[in-house]
$ cat structure33.pdb   # PDB, C-alpha atoms and all ligand atoms
ATOM      1  CA  MET Q  75    -170.903  37.611  77.269  1.00  0.00           C
ATOM      2  CA  ILE Q  76    -170.972  34.888  79.904  1.00  0.00           C
ATOM      3  CA  ALA Q  77    -173.977  32.568  79.844  1.00  0.00           C
ATOM      4  CA  THR Q  78    -176.241  32.828  82.873  1.00  0.00           C
ATOM      5  CA  ALA Q  79    -176.785  29.832  85.124  1.00  0.00           C
ATOM      6  CA  GLN Q  80    -180.386  29.856  83.933  1.00  0.00           C
ATOM      7  CA  GLN Q  81    -179.357  29.648  80.250  1.00  0.00           C
ATOM      8  CA  ILE Q  82    -176.987  26.804  80.988  1.00  0.00           C
ATOM      9  CA  ALA Q  83    -179.533  24.936  83.078  1.00  0.00           C
ATOM     10  CA  GLY Q  84    -182.256  25.249  80.441  1.00  0.00           C
ATOM     11  CA  ILE Q  85    -185.937  24.484  80.888  1.00  0.00           C
ATOM     12  CA  GLY Q  86    -188.323  21.840  79.544  1.00  0.00           C
ATOM     13  CA  PHE Q  87    -186.791  20.272  76.447  1.00  0.00           C
ATOM     14  CA  THR Q  88    -183.418  21.821  77.263  1.00  0.00           C
ATOM     15  CA  SER Q  89    -183.347  20.848  80.925  1.00  0.00           C
ATOM     16  CA  GLN Q  90    -180.944  18.617  82.827  1.00  0.00           C
ATOM     17  CA  ARG Q  91    -183.578  15.914  82.894  1.00  0.00           C
ATOM     18  CA  THR Q  92    -183.752  15.889  79.083  1.00  0.00           C
ATOM     19  CA  ARG Q  93    -179.968  15.803  78.831  1.00  0.00           C
ATOM     20  CA  THR Q  94    -179.793  12.880  81.236  1.00  0.00           C
ATOM     21  CA  ARG Q  95    -182.373  11.033  79.143  1.00  0.00           C
ATOM     22  CA  MET Q  96    -180.125  11.524  76.088  1.00  0.00           C
ATOM     23  CA  VAL Q  97    -177.194  10.061  78.034  1.00  0.00           C
ATOM     24  CA  ARG Q  98    -179.259   7.046  79.026  1.00  0.00           C
ATOM     25  CA  ARG Q  99    -180.122   6.418  75.372  1.00  0.00           C
ATOM     26  CA  LEU Q 100    -176.422   6.604  74.499  1.00  0.00           C
ATOM     27  CA  MET Q 101    -175.685   3.989  77.168  1.00  0.00           C
ATOM     28  CA  ASP Q 102    -178.406   1.798  75.658  1.00  0.00           C
ATOM     29  CA  ARG Q 103    -176.673   2.174  72.306  1.00  0.00           C
ATOM     30  CA  GLY Q 104    -173.394   0.941  73.772  1.00  0.00           C
ATOM     31  CA  ILE Q 105    -171.449   3.968  74.968  1.00  0.00           C
ATOM     32  CA  GLU Q 106    -169.546   2.847  78.066  1.00  0.00           C
ATOM     33  CA  ASN Q 107    -166.845   5.376  78.885  1.00  0.00           C
ATOM     34  CA  GLU Q 108    -167.857   6.993  82.191  1.00  0.00           C
ATOM     35  CA  ASP Q 109    -165.930  10.214  81.572  1.00  0.00           C
ATOM     36  CA  VAL Q 110    -167.560  10.671  78.172  1.00  0.00           C
ATOM     37  CA  LEU Q 111    -171.026  10.010  79.602  1.00  0.00           C
ATOM     38  CA  THR Q 112    -170.436  12.453  82.456  1.00  0.00           C
ATOM     39  CA  VAL Q 113    -169.303  15.168  80.071  1.00  0.00           C
ATOM     40  CA  LEU Q 114    -172.268  14.666  77.735  1.00  0.00           C
ATOM     41  CA  ASN Q 115    -174.473  14.948  80.790  1.00  0.00           C
ATOM     42  CA  THR Q 116    -173.026  18.374  81.594  1.00  0.00           C
ATOM     43  CA  VAL Q 117    -172.195  20.234  78.359  1.00  0.00           C
ATOM     44  CA  PRO Q 118    -175.329  22.238  77.420  1.00  0.00           C
ATOM     45  CA  ARG Q 119    -175.853  21.091  73.829  1.00  0.00           C
ATOM     46  CA  HIS Q 120    -178.899  23.380  73.504  1.00  0.00           C
ATOM     47  CA  LEU Q 121    -176.550  26.387  73.551  1.00  0.00           C
ATOM     48  CA  PHE Q 122    -174.718  25.079  70.445  1.00  0.00           C
ATOM     49  CA  VAL Q 123    -177.723  25.335  68.102  1.00  0.00           C
ATOM     50  CA  ASP Q 124    -179.979  28.255  67.173  1.00  0.00           C
ATOM     51  CA  GLU Q 125    -182.680  29.021  69.698  1.00  0.00           C
ATOM     52  CA  ALA Q 126    -185.377  28.075  67.175  1.00  0.00           C
ATOM     53  CA  ILE Q 127    -184.297  24.424  67.282  1.00  0.00           C
ATOM     54  CA  ALA Q 128    -182.970  24.287  70.851  1.00  0.00           C
ATOM     55  CA  SER Q 129    -185.936  22.129  71.876  1.00  0.00           C
ATOM     56  CA  ARG Q 130    -184.530  19.374  69.630  1.00  0.00           C
ATOM     57  CA  ALA Q 131    -180.970  19.608  70.954  1.00  0.00           C
ATOM     58  CA  TYR Q 132    -181.165  16.389  72.986  1.00  0.00           C
ATOM     59  CA  GLU Q 133    -182.620  14.185  70.274  1.00  0.00           C
ATOM     60  CA  ASP Q 134    -180.053  11.741  68.916  1.00  0.00           C
ATOM     61  CA  VAL Q 135    -179.886  13.413  65.507  1.00  0.00           C
ATOM     62  CA  ALA Q 136    -177.633  15.787  63.577  1.00  0.00           C
ATOM     63  CA  LEU Q 137    -179.180  19.271  63.353  1.00  0.00           C
ATOM     64  CA  PRO Q 138    -178.574  22.156  60.912  1.00  0.00           C
ATOM     65  CA  ILE Q 139    -176.211  24.927  62.074  1.00  0.00           C
ATOM     66  CA  GLY Q 140    -176.265  27.062  58.895  1.00  0.00           C
ATOM     67  CA  GLU Q 141    -173.921  27.202  55.879  1.00  0.00           C
ATOM     68  CA  GLY Q 142    -175.165  23.743  54.893  1.00  0.00           C
ATOM     69  CA  GLN Q 143    -173.405  22.190  57.913  1.00  0.00           C
ATOM     70  CA  THR Q 144    -174.667  20.172  60.862  1.00  0.00           C
ATOM     71  CA  ILE Q 145    -173.874  19.637  64.531  1.00  0.00           C
ATOM     72  CA  SER Q 146    -172.980  15.942  64.739  1.00  0.00           C
ATOM     73  CA  GLN Q 147    -175.419  13.497  66.237  1.00  0.00           C
ATOM     74  CA  PRO Q 148    -174.817  12.893  69.984  1.00  0.00           C
ATOM     75  CA  TYR Q 149    -174.080   9.205  69.337  1.00  0.00           C
ATOM     76  CA  ALA Q 150    -171.305  10.114  66.883  1.00  0.00           C
ATOM     77  CA  VAL Q 151    -169.867  12.670  69.328  1.00  0.00           C
ATOM     78  CA  ALA Q 152    -169.935  10.106  72.137  1.00  0.00           C
ATOM     79  CA  ARG Q 153    -168.534   7.225  70.111  1.00  0.00           C
ATOM     80  CA  MET Q 154    -165.712   9.248  68.560  1.00  0.00           C
ATOM     81  CA  SER Q 155    -164.802  10.734  71.947  1.00  0.00           C
ATOM     82  CA  GLU Q 156    -164.833   7.280  73.507  1.00  0.00           C
ATOM     83  CA  ILE Q 157    -162.507   5.964  70.812  1.00  0.00           C
ATOM     84  CA  LEU Q 158    -160.018   8.786  71.428  1.00  0.00           C
ATOM     85  CA  MET Q 159    -160.226   8.211  75.194  1.00  0.00           C
ATOM     86  CA  GLN Q 160    -159.522   4.490  74.957  1.00  0.00           C
ATOM     87  CA  ASP Q 161    -156.150   4.723  76.695  1.00  0.00           C
ATOM     88  CA  GLY Q 162    -157.196   7.239  79.335  1.00  0.00           C
ATOM     89  CA  PRO Q 163    -157.028  11.031  79.638  1.00  0.00           C
ATOM     90  CA  LEU Q 164    -155.706  13.052  76.727  1.00  0.00           C
ATOM     91  CA  GLY Q 165    -153.103  15.790  76.602  1.00  0.00           C
ATOM     92  CA  LYS Q 166    -153.361  17.693  73.322  1.00  0.00           C
ATOM     93  CA  VAL Q 167    -156.172  17.087  70.855  1.00  0.00           C
ATOM     94  CA  LEU Q 168    -156.704  18.464  67.369  1.00  0.00           C
ATOM     95  CA  GLU Q 169    -160.220  18.655  65.950  1.00  0.00           C
ATOM     96  CA  VAL Q 170    -160.839  19.386  62.289  1.00  0.00           C
ATOM     97  CA  GLY Q 171    -164.275  20.911  61.644  1.00  0.00           C
ATOM     98  CA  THR Q 172    -165.261  23.120  64.607  1.00  0.00           C
ATOM     99  CA  GLY Q 173    -168.798  23.668  63.250  1.00  0.00           C
ATOM    100  CA  SER Q 174    -171.045  24.546  66.195  1.00  0.00           C
ATOM    101  CA  GLY Q 175    -168.202  23.964  68.643  1.00  0.00           C
ATOM    102  CA  TYR Q 176    -170.074  21.226  70.519  1.00  0.00           C
ATOM    103  CA  GLN Q 177    -167.588  18.426  69.868  1.00  0.00           C
ATOM    104  CA  ALA Q 178    -164.692  20.731  70.769  1.00  0.00           C
ATOM    105  CA  ALA Q 179    -166.512  21.654  73.992  1.00  0.00           C
ATOM    106  CA  VAL Q 180    -166.919  17.987  74.861  1.00  0.00           C
ATOM    107  CA  LEU Q 181    -163.256  17.297  74.102  1.00  0.00           C
ATOM    108  CA  SER Q 182    -162.193  20.275  76.202  1.00  0.00           C
ATOM    109  CA  ARG Q 183    -163.649  18.543  79.287  1.00  0.00           C
ATOM    110  CA  LEU Q 184    -161.722  15.347  78.453  1.00  0.00           C
ATOM    111  CA  ALA Q 185    -158.335  16.713  77.351  1.00  0.00           C
ATOM    112  CA  ASP Q 186    -155.842  19.266  78.643  1.00  0.00           C
ATOM    113  CA  GLN Q 187    -155.904  21.340  75.486  1.00  0.00           C
ATOM    114  CA  VAL Q 188    -158.058  21.373  72.360  1.00  0.00           C
ATOM    115  CA  PHE Q 189    -157.054  22.903  69.050  1.00  0.00           C
ATOM    116  CA  SER Q 190    -159.895  23.154  66.557  1.00  0.00           C
ATOM    117  CA  VAL Q 191    -159.801  24.256  62.929  1.00  0.00           C
ATOM    118  CA  GLU Q 192    -162.741  25.417  60.769  1.00  0.00           C
ATOM    119  CA  ARG Q 193    -162.912  26.621  57.148  1.00  0.00           C
ATOM    120  CA  ILE Q 194    -166.140  28.682  57.484  1.00  0.00           C
ATOM    121  CA  GLN Q 195    -165.553  31.958  59.314  1.00  0.00           C
ATOM    122  CA  SER Q 196    -169.154  32.631  60.386  1.00  0.00           C
ATOM    123  CA  LEU Q 197    -169.456  29.244  62.090  1.00  0.00           C
ATOM    124  CA  LEU Q 198    -166.122  29.750  63.812  1.00  0.00           C
ATOM    125  CA  ASP Q 199    -167.197  33.161  65.143  1.00  0.00           C
ATOM    126  CA  LYS Q 200    -170.326  31.689  66.688  1.00  0.00           C
ATOM    127  CA  ALA Q 201    -168.411  28.761  68.183  1.00  0.00           C
ATOM    128  CA  ARG Q 202    -165.866  31.133  69.731  1.00  0.00           C
ATOM    129  CA  HIS Q 203    -168.654  33.129  71.382  1.00  0.00           C
ATOM    130  CA  ARG Q 204    -170.048  29.921  72.853  1.00  0.00           C
ATOM    131  CA  PHE Q 205    -166.674  28.906  74.309  1.00  0.00           C
ATOM    132  CA  GLN Q 206    -166.398  32.357  75.863  1.00  0.00           C
ATOM    133  CA  ALA Q 207    -169.932  32.311  77.235  1.00  0.00           C
ATOM    134  CA  LEU Q 208    -169.352  28.908  78.813  1.00  0.00           C
ATOM    135  CA  GLN Q 209    -165.837  29.843  79.948  1.00  0.00           C
ATOM    136  CA  TYR Q 210    -164.230  26.866  78.237  1.00  0.00           C
ATOM    137  CA  ARG Q 211    -160.755  28.339  78.222  1.00  0.00           C
ATOM    138  CA  ASN Q 212    -158.627  25.452  76.995  1.00  0.00           C
ATOM    139  CA  ILE Q 213    -159.899  25.576  73.404  1.00  0.00           C
ATOM    140  CA  ARG Q 214    -157.941  27.385  70.707  1.00  0.00           C
ATOM    141  CA  THR Q 215    -159.383  27.797  67.255  1.00  0.00           C
ATOM    142  CA  ARG Q 216    -158.069  28.678  63.844  1.00  0.00           C
ATOM    143  CA  TYR Q 217    -159.700  29.725  60.578  1.00  0.00           C
ATOM    144  CA  SER Q 218    -158.076  27.506  57.991  1.00  0.00           C
ATOM    145  CA  ASP Q 219    -158.278  24.396  55.837  1.00  0.00           C
ATOM    146  CA  GLY Q 220    -157.863  21.641  58.402  1.00  0.00           C
ATOM    147  CA  GLY Q 221    -156.359  19.320  55.822  1.00  0.00           C
ATOM    148  CA  TRP Q 222    -153.079  20.958  56.794  1.00  0.00           C
ATOM    149  CA  GLY Q 223    -153.643  20.271  60.469  1.00  0.00           C
ATOM    150  CA  TRP Q 224    -152.140  22.789  62.893  1.00  0.00           C
ATOM    151  CA  GLU Q 225    -148.486  21.977  62.843  1.00  0.00           C
ATOM    152  CA  SER Q 226    -147.111  24.472  65.351  1.00  0.00           C
ATOM    153  CA  HIS Q 227    -149.010  22.883  68.251  1.00  0.00           C
ATOM    154  CA  GLY Q 228    -148.456  19.252  67.260  1.00  0.00           C
ATOM    155  CA  PRO Q 229    -147.839  16.432  67.662  1.00  0.00           C
ATOM    156  CA  TYR Q 230    -151.268  15.522  69.069  1.00  0.00           C
ATOM    157  CA  ASP Q 231    -152.281  12.638  71.350  1.00  0.00           C
ATOM    158  CA  GLY Q 232    -155.624  12.595  69.616  1.00  0.00           C
ATOM    159  CA  ILE Q 233    -156.933  13.886  66.290  1.00  0.00           C
ATOM    160  CA  MET Q 234    -160.638  13.928  65.480  1.00  0.00           C
ATOM    161  CA  VAL Q 235    -161.992  14.842  62.066  1.00  0.00           C
ATOM    162  CA  THR Q 236    -165.716  15.642  61.950  1.00  0.00           C
ATOM    163  CA  ALA Q 237    -166.159  15.897  58.160  1.00  0.00           C
ATOM    164  CA  ALA Q 238    -165.520  13.085  55.686  1.00  0.00           C
ATOM    165  CA  PRO Q 239    -162.634  13.238  53.200  1.00  0.00           C
ATOM    166  CA  ARG Q 240    -162.192  10.609  50.459  1.00  0.00           C
ATOM    167  CA  SER Q 241    -158.772   9.797  51.840  1.00  0.00           C
ATOM    168  CA  ILE Q 242    -156.821  10.733  54.943  1.00  0.00           C
ATOM    169  CA  PRO Q 243    -154.854  13.987  54.584  1.00  0.00           C
ATOM    170  CA  GLN Q 244    -151.136  13.223  55.014  1.00  0.00           C
ATOM    171  CA  PRO Q 245    -150.328  16.221  57.268  1.00  0.00           C
ATOM    172  CA  LEU Q 246    -152.764  14.866  59.863  1.00  0.00           C
ATOM    173  CA  LEU Q 247    -150.916  11.553  59.982  1.00  0.00           C
ATOM    174  CA  GLN Q 248    -147.644  13.403  60.407  1.00  0.00           C
ATOM    175  CA  GLN Q 249    -149.014  15.464  63.292  1.00  0.00           C
ATOM    176  CA  LEU Q 250    -150.179  12.410  65.238  1.00  0.00           C
ATOM    177  CA  ALA Q 251    -147.891  11.628  68.182  1.00  0.00           C
ATOM    178  CA  VAL Q 252    -146.376   8.176  68.604  1.00  0.00           C
ATOM    179  CA  GLY Q 253    -148.880   6.445  70.896  1.00  0.00           C
ATOM    180  CA  GLY Q 254    -151.623   8.747  69.591  1.00  0.00           C
ATOM    181  CA  ARG Q 255    -154.889   7.929  67.904  1.00  0.00           C
ATOM    182  CA  MET Q 256    -156.911   9.524  65.112  1.00  0.00           C
ATOM    183  CA  VAL Q 257    -160.591   9.008  64.396  1.00  0.00           C
ATOM    184  CA  ILE Q 258    -161.865  10.072  60.988  1.00  0.00           C
ATOM    185  CA  PRO Q 259    -164.842   9.227  58.757  1.00  0.00           C
ATOM    186  CA  VAL Q 260    -163.535   8.285  55.321  1.00  0.00           C
ATOM    187  CA  GLY Q 261    -165.483   7.939  52.087  1.00  0.00           C
ATOM    188  CA  ASP Q 262    -167.527   9.904  49.592  1.00  0.00           C
ATOM    189  CA  GLN Q 263    -171.035  11.206  50.002  1.00  0.00           C
ATOM    190  CA  SER Q 264    -172.761   8.884  47.560  1.00  0.00           C
ATOM    191  CA  SER Q 265    -172.068   5.776  49.603  1.00  0.00           C
ATOM    192  CA  GLU Q 266    -171.653   5.183  53.311  1.00  0.00           C
ATOM    193  CA  GLN Q 267    -168.463   6.279  54.988  1.00  0.00           C
ATOM    194  CA  SER Q 268    -166.570   4.196  57.476  1.00  0.00           C
ATOM    195  CA  LEU Q 269    -165.237   5.475  60.732  1.00  0.00           C
ATOM    196  CA  THR Q 270    -161.509   4.858  60.514  1.00  0.00           C
ATOM    197  CA  ILE Q 271    -159.284   4.620  63.562  1.00  0.00           C
ATOM    198  CA  ILE Q 272    -155.552   5.090  63.085  1.00  0.00           C
ATOM    199  CA  THR Q 273    -153.029   4.450  65.814  1.00  0.00           C
ATOM    200  CA  ARG Q 274    -149.406   5.443  65.555  1.00  0.00           C
ATOM    201  CA  THR Q 275    -146.753   3.303  67.182  1.00  0.00           C
ATOM    202  CA  SER Q 276    -142.984   3.503  66.940  1.00  0.00           C
ATOM    203  CA  ALA Q 277    -143.277   0.890  64.185  1.00  0.00           C
ATOM    204  CA  GLY Q 278    -145.676   2.957  62.069  1.00  0.00           C
ATOM    205  CA  PHE Q 279    -149.428   3.306  61.554  1.00  0.00           C
ATOM    206  CA  ALA Q 280    -152.162   0.740  62.151  1.00  0.00           C
ATOM    207  CA  SER Q 281    -155.696   1.215  60.950  1.00  0.00           C
ATOM    208  CA  ARG Q 282    -159.080  -0.371  61.576  1.00  0.00           C
ATOM    209  CA  GLU Q 283    -162.605   0.497  60.523  1.00  0.00           C
ATOM    210  CA  GLU Q 284    -165.847   0.678  62.435  1.00  0.00           C
ATOM    211  CA  SER Q 285    -169.518   0.847  61.479  1.00  0.00           C
ATOM    212  CA  ASN Q 286    -170.810   2.996  58.684  1.00  0.00           C
ATOM    213  CA  VAL Q 287    -171.369   6.655  59.451  1.00  0.00           C
ATOM    214  CA  SER Q 288    -172.653   9.727  57.674  1.00  0.00           C
ATOM    215  CA  PHE Q 289    -170.805  13.051  57.839  1.00  0.00           C
ATOM    216  CA  VAL Q 290    -170.819  16.244  55.799  1.00  0.00           C
ATOM    217  CA  PRO Q 291    -168.032  16.388  53.190  1.00  0.00           C
ATOM    218  CA  PHE Q 292    -164.511  17.485  54.023  1.00  0.00           C
ATOM    219  CA  LEU Q 293    -163.804  20.380  51.667  1.00  0.00           C
ATOM    220  CA  THR Q 294    -160.487  21.941  50.783  1.00  0.00           C
ATOM    221  CA  GLY Q 295    -159.566  25.605  51.082  1.00  0.00           C
ATOM    222  CA  LYS Q 296    -161.232  28.314  53.163  1.00  0.00           C
ATOM    223  CA  SER Q 297    -164.750  29.336  52.180  1.00  0.00           C
TER     224      SER Q 297
HETATM  225  N1  LIG J 301    -167.668  19.108  65.133  1.00  0.00           N
HETATM  226  C1  LIG J 301    -168.777  19.878  64.613  1.00  0.00           C
HETATM  227  C2  LIG J 301    -169.362  19.206  63.387  1.00  0.00           C
HETATM  228  C3  LIG J 301    -169.627  20.197  62.338  1.00  0.00           C
HETATM  229  S1  LIG J 301    -169.916  19.542  60.727  1.00  0.00           S
HETATM  230  C4  LIG J 301    -169.813  20.098  65.689  1.00  0.00           C
HETATM  231  O1  LIG J 301    -169.703  19.532  66.776  1.00  0.00           O
HETATM  232  O2  LIG J 301    -170.748  20.889  65.469  1.00  0.00           O
HETATM  233  C5  LIG J 301    -168.272  19.504  60.063  1.00  0.00           C
HETATM  234  C6  LIG J 301    -167.559  20.841  59.942  1.00  0.00           C
HETATM  235  O3  LIG J 301    -166.347  20.580  59.244  1.00  0.00           O
HETATM  236  C7  LIG J 301    -168.288  21.912  59.146  1.00  0.00           C
HETATM  237  O4  LIG J 301    -168.439  23.064  59.937  1.00  0.00           O
HETATM  238  C8  LIG J 301    -167.370  22.168  57.947  1.00  0.00           C
HETATM  239  O5  LIG J 301    -167.333  23.523  57.535  1.00  0.00           O
HETATM  240  C9  LIG J 301    -166.031  21.723  58.493  1.00  0.00           C
HETATM  241  N2  LIG J 301    -165.022  21.353  57.483  1.00  0.00           N
HETATM  242  C10 LIG J 301    -165.172  20.643  56.343  1.00  0.00           C
HETATM  243  N3  LIG J 301    -164.008  20.519  55.692  1.00  0.00           N
HETATM  244  C11 LIG J 301    -163.081  21.184  56.447  1.00  0.00           C
HETATM  245  C12 LIG J 301    -161.695  21.464  56.306  1.00  0.00           C
HETATM  246  N4  LIG J 301    -160.984  21.029  55.264  1.00  0.00           N
HETATM  247  N5  LIG J 301    -161.079  22.194  57.268  1.00  0.00           N
HETATM  248  C13 LIG J 301    -161.753  22.650  58.348  1.00  0.00           C
HETATM  249  N6  LIG J 301    -163.066  22.438  58.538  1.00  0.00           N
HETATM  250  C14 LIG J 301    -163.724  21.723  57.592  1.00  0.00           C
END
$ encode --input "structure33.pdb" --output "structure tokens"
Amino acid sequence: MIATAQQIAGIGFTSQRTRTRMVRRLMDRGIENEDVLTVLNTVPRHLFVDEAIASRAYEDVALPIGEGQTISQPYAVARMSEILMQDGPLGKVLEVGTGSGYQAAVLSRLADQVFSVERIQSLLDKARHRFQALQYRNIRTRYSDGGWGWESHGPYDGIMVTAAPRSIPQPLLQQLAVGGRMVIPVGDQSSEQSLTIITRTSAGFASREESNVSFVPFLTGKS
């Protein structure tokens, strides 16, 4: 079913005005990329969470989406998108951890094509319905363990992982294009994870780390 203009527009706590206020807070926190800010100002985040918590959709917090998972905090979505966009518009992007579908939706407005992989079928089904309702047609999804990437569509100009593994899965490195960039939270759950940014050049891989972040664990296998 296609979402109505009224559903997309929202009211009160889900309105455009509330979304714009969220974007202003993200600017205050240091997000600068104009394209990212514009997209966050348009994608209706309230349609990516259950109706019961839709009124909280524009707070800068992670929210539960069922199955023990969360929709990432807007700041994390913005920052990770901004990192991937550093060298301008993106061709093909791989996301690992579709979850609610919100991050994939944001990426789909910034890249030509988005490929997103999720290991929990029920979450993937809901995300797919949202993409359909919003007519985001350049997102393809797959039910699988994202640790293997999605080789047939690679290599990717950008790879974003939205769950934290203890170390970077090798197949993801292999599927990163030369000139491409990967952003991935690395670390275990007991301590803070660091957002790791890998760039691939013809000479090999370079890596740097950014502030501490907190993501749900990256798990292996399908659930
Ligand atoms: N990007 C999502 C964030 C969801 S939380 C959003 O915008 O809502 C992270 C997601 O990663 C969860 O749905 C979890 O099931 C998924 N995940 C964890 N390990 C995974 C793996 N190995 N392969 C694919 N998905 C995985």
$ closest_residue --input "structure33.pdb" --among "Q:Asn286, Q:Ser265, Q:Thr236, Q:Thr275" --to "ligand LIG 301 (chain J)" --atoms "only C-alpha atoms and all ligand atoms"
Q:Thr236
$ residues_near_ligand --input "structure33.pdb" --ligand "ligand LIG 301 (chain J)" --cutoff "8 Å" --atoms "only C-alpha atoms and all ligand atoms" --output "VMD selection string"
chain Q and resid 122 139 141 143 to 146 151 169 to 178 191 to 194 197 217 to 221 235 to 239 289 to 296
$ residues_around --input "structure33.pdb" --residues "Ser241 of chain Q" --least-positions-apart "4" --cutoff "10 Å" --atoms "only C-alpha atoms" --output "PDB file with C-alpha atoms, keeping the file's coordinate frame"
ATOM      1  CA  ILE Q 258    -161.865  10.072  60.988  1.00  0.00           C
ATOM      2  CA  PRO Q 259    -164.842   9.227  58.757  1.00  0.00           C
ATOM      3  CA  VAL Q 260    -163.535   8.285  55.321  1.00  0.00           C
ATOM      4  CA  GLY Q 261    -165.483   7.939  52.087  1.00  0.00           C
ATOM      5  CA  ASP Q 262    -167.527   9.904  49.592  1.00  0.00           C
ATOM      6  CA  PHE Q 292    -164.511  17.485  54.023  1.00  0.00           C
TER       7      PHE Q 292
END
$ resolve_selection --input "structure33.pdb" --expression "the PyMOL selection byres (((chain Q and resi 86-92) around 7) and not hetatm)" --output "JSON, numbers by chain"
{"Q": [83, 84, 85, 93, 94, 95, 96, 120, 128, 129, 132]}
$ atom_distance --input "structure33.pdb" --atom1 "atom CA of Ala185 of chain Q" --atom2 "atom CA of Leu250 of chain Q"
15.2 Å
$ resolve_selection --input "structure33.pdb" --expression "the PyMOL selection byres (((chain Q and resi 163-167) around 9) and not hetatm)" --output "number ranges by chain"
Q: 158-162, 168-169, 181-182, 184-190, 227-234
$ atom_distance --input "structure33.pdb" --atom1 "atom CA of Arg202 of chain Q" --atom2 "atom CA of Leu121 of chain Q"
12.3 Å
$ closest_residue --input "structure33.pdb" --among "Q:Thr273, Q:Thr112, Q:Asn212, Q:Gln195" --to "Leu246 of chain Q" --atoms "only C-alpha atoms"
Q:Thr273
$ closest_residue --input "structure33.pdb" --among "Q:Ala131, Q:Leu208, Q:Val117, Q:Glu283" --to "Thr78 of chain Q" --atoms "all atoms listed in the file"
Q:Leu208
